[in-house]
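Shown here: coords19.cif, mmCIF, N, CA and C atoms.
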data_data
#
loop_
_atom_site.label_atom_id
_atom_site.label_comp_id
_atom_site.auth_asym_id
_atom_site.auth_seq_id
_atom_site.Cartn_x
_atom_site.Cartn_y
_atom_site.Cartn_z
N MET B 1 21.59 -3.80 -2.87
CA MET B 1 21.30 -2.93 -3.99
C MET B 1 20.72 -1.61 -3.48
N SER B 2 20.90 -0.60 -4.27
CA SER B 2 20.38 0.71 -3.90
C SER B 2 19.25 1.10 -4.83
N LEU B 3 18.82 2.33 -4.70
CA LEU B 3 17.82 2.91 -5.59
C LEU B 3 16.48 2.19 -5.56
N GLY B 4 16.16 1.52 -4.47
CA GLY B 4 14.86 0.90 -4.34
C GLY B 4 14.68 -0.37 -5.14
N LEU B 5 15.76 -0.99 -5.59
CA LEU B 5 15.67 -2.23 -6.34
C LEU B 5 16.61 -3.26 -5.71
N LYS B 6 16.07 -4.43 -5.41
CA LYS B 6 16.88 -5.51 -4.87
C LYS B 6 16.76 -6.70 -5.82
N ILE B 7 17.90 -7.37 -6.03
CA ILE B 7 17.93 -8.55 -6.89
C ILE B 7 18.65 -9.66 -6.14
N SER B 8 17.97 -10.78 -5.98
CA SER B 8 18.63 -11.94 -5.39
C SER B 8 18.61 -13.07 -6.41
N LEU B 9 19.61 -13.94 -6.33
CA LEU B 9 19.76 -15.02 -7.30
C LEU B 9 19.53 -16.37 -6.66
N GLU B 10 18.94 -17.26 -7.42
CA GLU B 10 18.73 -18.64 -6.96
C GLU B 10 18.76 -19.55 -8.18
N GLU B 11 19.56 -20.61 -8.11
CA GLU B 11 19.64 -21.54 -9.23
C GLU B 11 18.79 -22.76 -8.91
N ILE B 12 17.89 -23.08 -9.84
CA ILE B 12 17.01 -24.24 -9.70
C ILE B 12 16.98 -24.97 -11.03
N GLU B 13 17.23 -26.26 -11.00
CA GLU B 13 17.16 -27.10 -12.19
C GLU B 13 17.97 -26.53 -13.36
N GLY B 14 19.15 -26.00 -13.05
CA GLY B 14 20.03 -25.48 -14.09
C GLY B 14 19.62 -24.15 -14.67
N ARG B 15 18.61 -23.55 -14.08
CA ARG B 15 18.16 -22.23 -14.54
C ARG B 15 18.34 -21.23 -13.42
N LEU B 16 18.74 -20.04 -13.79
CA LEU B 16 18.99 -19.01 -12.79
C LEU B 16 17.76 -18.12 -12.66
N ILE B 17 17.27 -17.99 -11.43
CA ILE B 17 16.14 -17.12 -11.14
C ILE B 17 16.66 -15.84 -10.51
N LEU B 18 16.24 -14.71 -11.07
CA LEU B 18 16.53 -13.41 -10.49
C LEU B 18 15.24 -12.94 -9.82
N ARG B 19 15.27 -12.85 -8.51
CA ARG B 19 14.10 -12.39 -7.77
C ARG B 19 14.25 -10.88 -7.60
N ILE B 20 13.36 -10.16 -8.25
CA ILE B 20 13.45 -8.71 -8.31
C ILE B 20 12.42 -8.10 -7.37
N ASP B 21 12.88 -7.15 -6.58
CA ASP B 21 12.02 -6.50 -5.60
C ASP B 21 12.15 -4.99 -5.74
N GLY B 22 11.06 -4.34 -6.12
CA GLY B 22 11.08 -2.88 -6.23
C GLY B 22 10.52 -2.38 -7.54
N ARG B 23 10.95 -1.20 -7.91
CA ARG B 23 10.48 -0.54 -9.12
C ARG B 23 11.53 -0.66 -10.22
N LEU B 24 11.08 -0.95 -11.43
CA LEU B 24 11.97 -0.95 -12.59
C LEU B 24 11.66 0.30 -13.38
N ASP B 25 12.39 1.36 -13.07
CA ASP B 25 12.17 2.64 -13.73
C ASP B 25 13.50 3.18 -14.24
N VAL B 26 13.48 4.41 -14.71
CA VAL B 26 14.69 4.99 -15.32
C VAL B 26 15.86 5.04 -14.33
N THR B 27 15.58 5.18 -13.05
CA THR B 27 16.64 5.26 -12.04
C THR B 27 17.21 3.90 -11.70
N SER B 28 16.35 2.89 -11.58
CA SER B 28 16.80 1.57 -11.10
C SER B 28 17.11 0.57 -12.23
N SER B 29 16.60 0.80 -13.41
CA SER B 29 16.82 -0.15 -14.51
C SER B 29 18.28 -0.45 -14.82
N PRO B 30 19.18 0.54 -14.71
CA PRO B 30 20.60 0.22 -14.97
C PRO B 30 21.16 -0.85 -14.02
N ILE B 31 20.61 -0.97 -12.83
CA ILE B 31 21.06 -2.02 -11.90
C ILE B 31 20.75 -3.38 -12.50
N LEU B 32 19.51 -3.56 -12.97
CA LEU B 32 19.13 -4.82 -13.59
C LEU B 32 19.91 -5.05 -14.88
N GLU B 33 20.11 -4.01 -15.65
CA GLU B 33 20.86 -4.14 -16.90
C GLU B 33 22.28 -4.65 -16.65
N ARG B 34 22.97 -4.07 -15.67
CA ARG B 34 24.33 -4.53 -15.35
C ARG B 34 24.32 -5.99 -14.90
N LYS B 35 23.35 -6.36 -14.07
CA LYS B 35 23.27 -7.73 -13.57
C LYS B 35 23.01 -8.71 -14.72
N LEU B 36 22.05 -8.41 -15.58
CA LEU B 36 21.74 -9.29 -16.70
C LEU B 36 22.93 -9.42 -17.65
N ASN B 37 23.55 -8.30 -17.99
CA ASN B 37 24.71 -8.34 -18.89
C ASN B 37 25.84 -9.17 -18.29
N SER B 38 26.07 -9.01 -17.01
CA SER B 38 27.11 -9.77 -16.33
C SER B 38 26.82 -11.27 -16.39
N LEU B 39 25.58 -11.64 -16.13
CA LEU B 39 25.21 -13.06 -16.15
C LEU B 39 25.31 -13.65 -17.55
N ILE B 40 24.91 -12.87 -18.54
CA ILE B 40 25.01 -13.34 -19.93
C ILE B 40 26.48 -13.51 -20.31
N GLU B 41 27.33 -12.59 -19.89
CA GLU B 41 28.77 -12.72 -20.14
C GLU B 41 29.36 -13.93 -19.43
N GLU B 42 28.77 -14.29 -18.27
CA GLU B 42 29.23 -15.47 -17.53
C GLU B 42 28.71 -16.76 -18.14
N LYS B 43 28.04 -16.66 -19.27
CA LYS B 43 27.54 -17.82 -20.03
C LYS B 43 26.22 -18.39 -19.52
N TYR B 44 25.49 -17.65 -18.70
CA TYR B 44 24.14 -18.10 -18.36
C TYR B 44 23.26 -17.90 -19.58
N ARG B 45 22.46 -18.90 -19.91
CA ARG B 45 21.62 -18.84 -21.11
C ARG B 45 20.13 -18.90 -20.80
N HIS B 46 19.76 -19.36 -19.62
CA HIS B 46 18.36 -19.45 -19.25
C HIS B 46 18.15 -18.63 -17.98
N LEU B 47 17.57 -17.45 -18.15
CA LEU B 47 17.35 -16.55 -17.03
C LEU B 47 15.85 -16.38 -16.81
N LEU B 48 15.44 -16.59 -15.59
CA LEU B 48 14.03 -16.44 -15.21
C LEU B 48 13.92 -15.27 -14.26
N LEU B 49 13.04 -14.33 -14.57
CA LEU B 49 12.87 -13.15 -13.74
C LEU B 49 11.58 -13.27 -12.94
N ASP B 50 11.72 -13.33 -11.63
CA ASP B 50 10.58 -13.38 -10.73
C ASP B 50 10.11 -11.95 -10.47
N PHE B 51 8.95 -11.61 -11.00
CA PHE B 51 8.40 -10.26 -10.89
C PHE B 51 7.38 -10.14 -9.76
N THR B 52 7.29 -11.12 -8.89
CA THR B 52 6.29 -11.10 -7.81
C THR B 52 6.31 -9.78 -7.06
N GLN B 53 7.50 -9.25 -6.78
CA GLN B 53 7.64 -8.04 -5.97
C GLN B 53 7.95 -6.77 -6.80
N VAL B 54 7.74 -6.85 -8.11
CA VAL B 54 7.96 -5.67 -8.95
C VAL B 54 6.73 -4.78 -8.84
N GLU B 55 6.95 -3.56 -8.36
CA GLU B 55 5.86 -2.63 -8.11
C GLU B 55 5.49 -1.80 -9.33
N TYR B 56 6.46 -1.60 -10.22
CA TYR B 56 6.25 -0.70 -11.35
C TYR B 56 7.24 -1.05 -12.44
N LEU B 57 6.80 -0.94 -13.68
CA LEU B 57 7.66 -1.20 -14.83
C LEU B 57 7.51 -0.06 -15.82
N SER B 58 8.59 0.69 -16.03
CA SER B 58 8.56 1.81 -16.97
C SER B 58 9.09 1.37 -18.33
N SER B 59 9.05 2.28 -19.28
CA SER B 59 9.60 1.98 -20.61
C SER B 59 11.10 1.70 -20.52
N ALA B 60 11.78 2.35 -19.58
CA ALA B 60 13.22 2.09 -19.39
C ALA B 60 13.43 0.64 -18.95
N GLY B 61 12.60 0.16 -18.05
CA GLY B 61 12.68 -1.23 -17.60
C GLY B 61 12.38 -2.19 -18.72
N MET B 62 11.39 -1.86 -19.53
CA MET B 62 11.03 -2.73 -20.66
C MET B 62 12.15 -2.78 -21.69
N ARG B 63 12.84 -1.66 -21.88
CA ARG B 63 13.98 -1.64 -22.82
C ARG B 63 15.06 -2.61 -22.37
N ILE B 64 15.32 -2.67 -21.07
CA ILE B 64 16.33 -3.58 -20.52
C ILE B 64 15.92 -5.03 -20.77
N LEU B 65 14.64 -5.34 -20.55
CA LEU B 65 14.14 -6.70 -20.78
C LEU B 65 14.26 -7.08 -22.25
N LEU B 66 13.92 -6.16 -23.13
CA LEU B 66 14.01 -6.41 -24.57
C LEU B 66 15.46 -6.66 -24.99
N SER B 67 16.35 -5.83 -24.50
CA SER B 67 17.77 -5.96 -24.84
C SER B 67 18.33 -7.30 -24.36
N ALA B 68 18.03 -7.67 -23.13
CA ALA B 68 18.52 -8.94 -22.58
C ALA B 68 17.94 -10.13 -23.34
N SER B 69 16.66 -10.03 -23.68
CA SER B 69 16.01 -11.10 -24.43
C SER B 69 16.68 -11.31 -25.79
N LYS B 70 16.99 -10.21 -26.47
CA LYS B 70 17.66 -10.31 -27.78
C LYS B 70 19.05 -10.91 -27.64
N LYS B 71 19.80 -10.49 -26.63
CA LYS B 71 21.14 -11.03 -26.41
C LYS B 71 21.09 -12.53 -26.14
N LEU B 72 20.14 -12.95 -25.32
CA LEU B 72 20.02 -14.37 -25.01
C LEU B 72 19.56 -15.17 -26.24
N LYS B 73 18.65 -14.61 -27.01
CA LYS B 73 18.18 -15.31 -28.21
C LYS B 73 19.33 -15.54 -29.18
N GLU B 74 20.21 -14.55 -29.32
CA GLU B 74 21.38 -14.69 -30.20
C GLU B 74 22.28 -15.83 -29.75
N LYS B 75 22.26 -16.12 -28.46
CA LYS B 75 23.10 -17.17 -27.89
C LYS B 75 22.30 -18.44 -27.62
N LYS B 76 21.16 -18.56 -28.30
CA LYS B 76 20.27 -19.72 -28.15
C LYS B 76 19.76 -19.85 -26.71
N GLY B 77 19.59 -18.73 -26.07
CA GLY B 77 19.12 -18.71 -24.69
C GLY B 77 17.68 -18.26 -24.58
N LEU B 78 17.29 -17.94 -23.34
CA LEU B 78 15.89 -17.71 -23.04
C LEU B 78 15.74 -16.77 -21.85
N LEU B 79 14.86 -15.79 -21.98
CA LEU B 79 14.50 -14.92 -20.87
C LEU B 79 13.01 -15.10 -20.60
N VAL B 80 12.68 -15.46 -19.37
CA VAL B 80 11.29 -15.68 -18.99
C VAL B 80 10.96 -14.77 -17.81
N VAL B 81 9.81 -14.11 -17.89
CA VAL B 81 9.29 -13.30 -16.80
C VAL B 81 8.11 -14.06 -16.21
N PHE B 82 8.10 -14.21 -14.88
CA PHE B 82 6.98 -14.92 -14.28
C PHE B 82 6.48 -14.21 -13.02
N SER B 83 5.24 -14.54 -12.69
CA SER B 83 4.56 -14.02 -11.50
C SER B 83 4.49 -12.49 -11.45
N ALA B 84 4.31 -11.88 -12.61
CA ALA B 84 4.17 -10.42 -12.65
C ALA B 84 2.79 -10.03 -12.12
N PRO B 85 2.73 -9.01 -11.27
CA PRO B 85 1.42 -8.50 -10.84
C PRO B 85 0.61 -8.11 -12.08
N GLU B 86 -0.69 -8.17 -11.99
CA GLU B 86 -1.53 -7.94 -13.16
C GLU B 86 -1.27 -6.60 -13.84
N ASP B 87 -1.08 -5.53 -13.07
CA ASP B 87 -0.85 -4.23 -13.70
C ASP B 87 0.48 -4.19 -14.45
N VAL B 88 1.50 -4.88 -13.95
CA VAL B 88 2.79 -4.95 -14.63
C VAL B 88 2.67 -5.83 -15.87
N ALA B 89 1.99 -6.97 -15.75
CA ALA B 89 1.79 -7.86 -16.90
C ALA B 89 1.00 -7.13 -18.00
N GLU B 90 0.06 -6.32 -17.61
CA GLU B 90 -0.74 -5.56 -18.58
C GLU B 90 0.13 -4.56 -19.35
N ILE B 91 1.06 -3.92 -18.67
CA ILE B 91 1.99 -3.00 -19.34
C ILE B 91 2.78 -3.75 -20.41
N ILE B 92 3.24 -4.95 -20.07
CA ILE B 92 4.00 -5.77 -21.02
C ILE B 92 3.13 -6.15 -22.22
N ARG B 93 1.89 -6.56 -21.94
CA ARG B 93 0.98 -6.97 -23.02
C ARG B 93 0.60 -5.78 -23.92
N VAL B 94 0.25 -4.64 -23.32
CA VAL B 94 -0.16 -3.47 -24.10
C VAL B 94 0.96 -3.02 -25.03
N ALA B 95 2.20 -3.13 -24.56
CA ALA B 95 3.35 -2.74 -25.38
C ALA B 95 3.66 -3.78 -26.46
N GLY B 96 3.00 -4.93 -26.41
CA GLY B 96 3.25 -5.99 -27.39
C GLY B 96 4.48 -6.82 -27.09
N PHE B 97 5.02 -6.66 -25.88
CA PHE B 97 6.26 -7.37 -25.52
C PHE B 97 6.04 -8.84 -25.22
N GLU B 98 4.79 -9.27 -25.06
CA GLU B 98 4.58 -10.69 -24.80
C GLU B 98 4.96 -11.53 -26.02
N LYS B 99 5.13 -10.87 -27.16
CA LYS B 99 5.59 -11.56 -28.36
C LYS B 99 7.11 -11.79 -28.33
N VAL B 100 7.81 -10.99 -27.53
CA VAL B 100 9.26 -11.07 -27.43
C VAL B 100 9.68 -11.73 -26.12
N LEU B 101 9.01 -11.36 -25.05
CA LEU B 101 9.29 -11.94 -23.73
C LEU B 101 8.38 -13.13 -23.50
N HIS B 102 8.88 -14.09 -22.81
CA HIS B 102 8.05 -15.23 -22.45
C HIS B 102 7.46 -14.94 -21.08
N LEU B 103 6.15 -14.83 -21.01
CA LEU B 103 5.46 -14.56 -19.75
C LEU B 103 4.85 -15.84 -19.22
N CYS B 104 5.12 -16.14 -17.97
CA CYS B 104 4.53 -17.31 -17.32
C CYS B 104 3.84 -16.84 -16.04
N SER B 105 2.78 -17.52 -15.68
CA SER B 105 2.00 -17.14 -14.49
C SER B 105 2.69 -17.52 -13.20
N THR B 106 3.38 -18.66 -13.19
CA THR B 106 3.95 -19.17 -11.94
C THR B 106 5.42 -19.56 -12.14
N GLU B 107 6.11 -19.73 -11.02
CA GLU B 107 7.50 -20.18 -11.06
C GLU B 107 7.59 -21.58 -11.65
N LYS B 108 6.68 -22.44 -11.26
CA LYS B 108 6.67 -23.81 -11.78
C LYS B 108 6.54 -23.81 -13.30
N GLU B 109 5.62 -23.01 -13.81
CA GLU B 109 5.42 -22.91 -15.25
C GLU B 109 6.69 -22.38 -15.93
N ALA B 110 7.33 -21.40 -15.31
CA ALA B 110 8.56 -20.83 -15.87
C ALA B 110 9.69 -21.86 -15.91
N LEU B 111 9.82 -22.63 -14.86
CA LEU B 111 10.86 -23.66 -14.81
C LEU B 111 10.63 -24.75 -15.84
N GLN B 112 9.36 -25.02 -16.15
CA GLN B 112 9.03 -26.06 -17.12
C GLN B 112 9.00 -25.56 -18.56
N TYR B 113 9.04 -24.23 -18.74
CA TYR B 113 8.92 -23.65 -20.07
C TYR B 113 10.08 -24.07 -20.96
N ARG B 114 9.74 -24.56 -22.13
CA ARG B 114 10.73 -24.90 -23.16
C ARG B 114 10.20 -24.34 -24.47
N PRO B 115 11.00 -23.55 -25.17
CA PRO B 115 10.53 -22.96 -26.43
C PRO B 115 10.32 -24.01 -27.50
#
What would the structure in this file look like if it were written as structure tokens?
Amino acid sequence: MSLGLKISLEEIEGRLILRIDGRLDVTSSPILERKLNSLIEEKYRHLLLDFTQVEYLSSAGMRILLSASKKLKEKKGLLVVFSAPEDVAEIIRVAGFEKVLHLCSTEKEALQYRP
């Protein structure tokens, strides 16, 4: 991946984890958007986003998360964000997105999450 954002995939227990490394800003967010849309089109319904290495989350990045969450919800799916650094998690909470996105502290918690 370019633009300072790397995404690697790992499937665990029938759920796909996207391990995101870098900044989610106006420049790099389209990379994540294309990847999420592609996976949703491929019929993935449970996507877990590992934010351990996310350095920054802008409003453009949050828009992508909101859009993907809505698309998955329409298909009876689920988008979970886990292991977000405290400053990134705070951005999500302040924006009120924790009501739309499922935030989990750990990968184990995310894998066990059932709505």
From a DSSP pass on the backbone, collect the residues of chain B flagged as helix (DSSP H, G or I) and hand them back as JSON, numbers by chain. {"B": [29, 30, 31, 32, 33, 34, 35, 36, 37, 38, 39, 40, 41, 59, 60, 61, 62, 63, 64, 65, 66, 67, 68, 69, 70, 71, 72, 73, 74, 86, 87, 88, 89, 90, 91, 92, 93, 94, 97, 98, 99, 107, 108, 109, 110, 111, 112]}
Could you check which of B:Lys73, B:Ile12, B:Leu65, B:Leu57 is closest to Ala89 in chain B, using only N, CA and C atoms?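 Comparing B:Lys73, B:Ile12, B:Leu65, B:Leu57 against Ala89 in chain B, the winner is B:Leu57.
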Any idea what's packed within 8 Å of range 31-37 of chain B, counting only C-alpha atoms, ignoring anything in its chain fewer than 6 positions away? Could you give it as a PyMOL selection string? chain B and resi 1+5+7+64+68
Evaluated on this file, the PyMOL selection byres ((chain B and resi 84) around 6.5) picks out some residues - which ones are they, written as a list in words?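 Answer for the PyMOL selection byres ((chain B and resi 84) around 6.5): Asp50, Phe51, Thr52, Val81, Phe82, Ser83, Pro85, Glu86, Asp87, Val88, Ala89, Cys104 and Ser105 of chain B.
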Kindly give the distance, in Å, that separates CA of Lys76 in chain B and CA of Phe97 in chain B, rounded to a single decimal.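 Separation of CA of Lys76 in chain B and CA of Phe97 in chain B: 18.9 Å.
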Residues picked by the PyMOL selection byres (((chain B and resi 19-21 and name CA) around 8) and name CA) here, as a tab-separated table (two decimals) with N, CA and C atoms, in the coordinates of the input?
chain	number	residue	atom	x	y	z
B	5	LEU	N	15.76	-0.99	-5.59
B	5	LEU	CA	15.67	-2.23	-6.34
B	5	LEU	C	16.61	-3.26	-5.71
B	6	LYS	N	16.07	-4.43	-5.41
B	6	LYS	CA	16.88	-5.51	-4.87
B	6	LYS	C	16.76	-6.70	-5.82
B	7	ILE	N	17.90	-7.37	-6.03
B	7	ILE	CA	17.93	-8.55	-6.89
B	7	ILE	C	18.65	-9.66	-6.14
B	8	SER	N	17.97	-10.78	-5.98
B	8	SER	CA	18.63	-11.94	-5.39
B	8	SER	C	18.61	-13.07	-6.41
B	9	LEU	N	19.61	-13.94	-6.33
B	9	LEU	CA	19.76	-15.02	-7.30
B	9	LEU	C	19.53	-16.37	-6.66
B	10	GLU	N	18.94	-17.26	-7.42
B	10	GLU	CA	18.73	-18.64	-6.96
B	10	GLU	C	18.76	-19.55	-8.18
B	17	ILE	N	17.27	-17.99	-11.43
B	17	ILE	CA	16.14	-17.12	-11.14
B	17	ILE	C	16.66	-15.84	-10.51
B	18	LEU	N	16.24	-14.71	-11.07
B	18	LEU	CA	16.53	-13.41	-10.49
B	18	LEU	C	15.24	-12.94	-9.82
B	22	GLY	N	11.06	-4.34	-6.12
B	22	GLY	CA	11.08	-2.88	-6.23
B	22	GLY	C	10.52	-2.38	-7.54
B	23	ARG	N	10.95	-1.20	-7.91
B	23	ARG	CA	10.48	-0.54	-9.12
B	23	ARG	C	11.53	-0.66	-10.22
B	49	LEU	N	13.04	-14.33	-14.57
B	49	LEU	CA	12.87	-13.15	-13.74
B	49	LEU	C	11.58	-13.27	-12.94
B	50	ASP	N	11.72	-13.33	-11.63
B	50	ASP	CA	10.58	-13.38	-10.73
B	50	ASP	C	10.11	-11.95	-10.47
B	51	PHE	N	8.95	-11.61	-11.00
B	51	PHE	CA	8.40	-10.26	-10.89
B	51	PHE	C	7.38	-10.14	-9.76
B	52	THR	N	7.29	-11.12	-8.89
B	52	THR	CA	6.29	-11.10	-7.81
B	52	THR	C	6.31	-9.78	-7.06
B	53	GLN	N	7.50	-9.25	-6.78
B	53	GLN	CA	7.64	-8.04	-5.97
B	53	GLN	C	7.95	-6.77	-6.80
B	54	VAL	N	7.74	-6.85	-8.11
B	54	VAL	CA	7.96	-5.67	-8.95
B	54	VAL	C	6.73	-4.78	-8.84
B	55	GLU	N	6.95	-3.56	-8.36
B	55	GLU	CA	5.86	-2.63	-8.11
B	55	GLU	C	5.49	-1.80	-9.33
Quick one: residues within 5 Å of Asp25 in chain B, all atoms listed in the file, excluding same-chain residues fewer than 4 positions away - as a PyMOL selection string? chain B and resi 29+58+61
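CA of Val80 in chain B is found 8.4 Å from CA of Tyr113 in chain B.
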Distance query 7 Å from (8.8, -17.9, -23.2) using only C-alpha atoms, result as a ChimeraX atom specification: /B:79-80,101-103,113,115
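Polymer residues near (24.7, -13.2, -21.2): counting only C-alpha atoms with a cut-off of 6 Å, they are B:Asn37, B:Leu39, B:Ile40, B:Glu41, B:Lys43, B:Tyr44.
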As an exercise, work out the distance from CA of Glu13 in chain B to CA of Leu78 in chain B in Å and give it to one decimal place.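 A separation of 14.4 Å between them.
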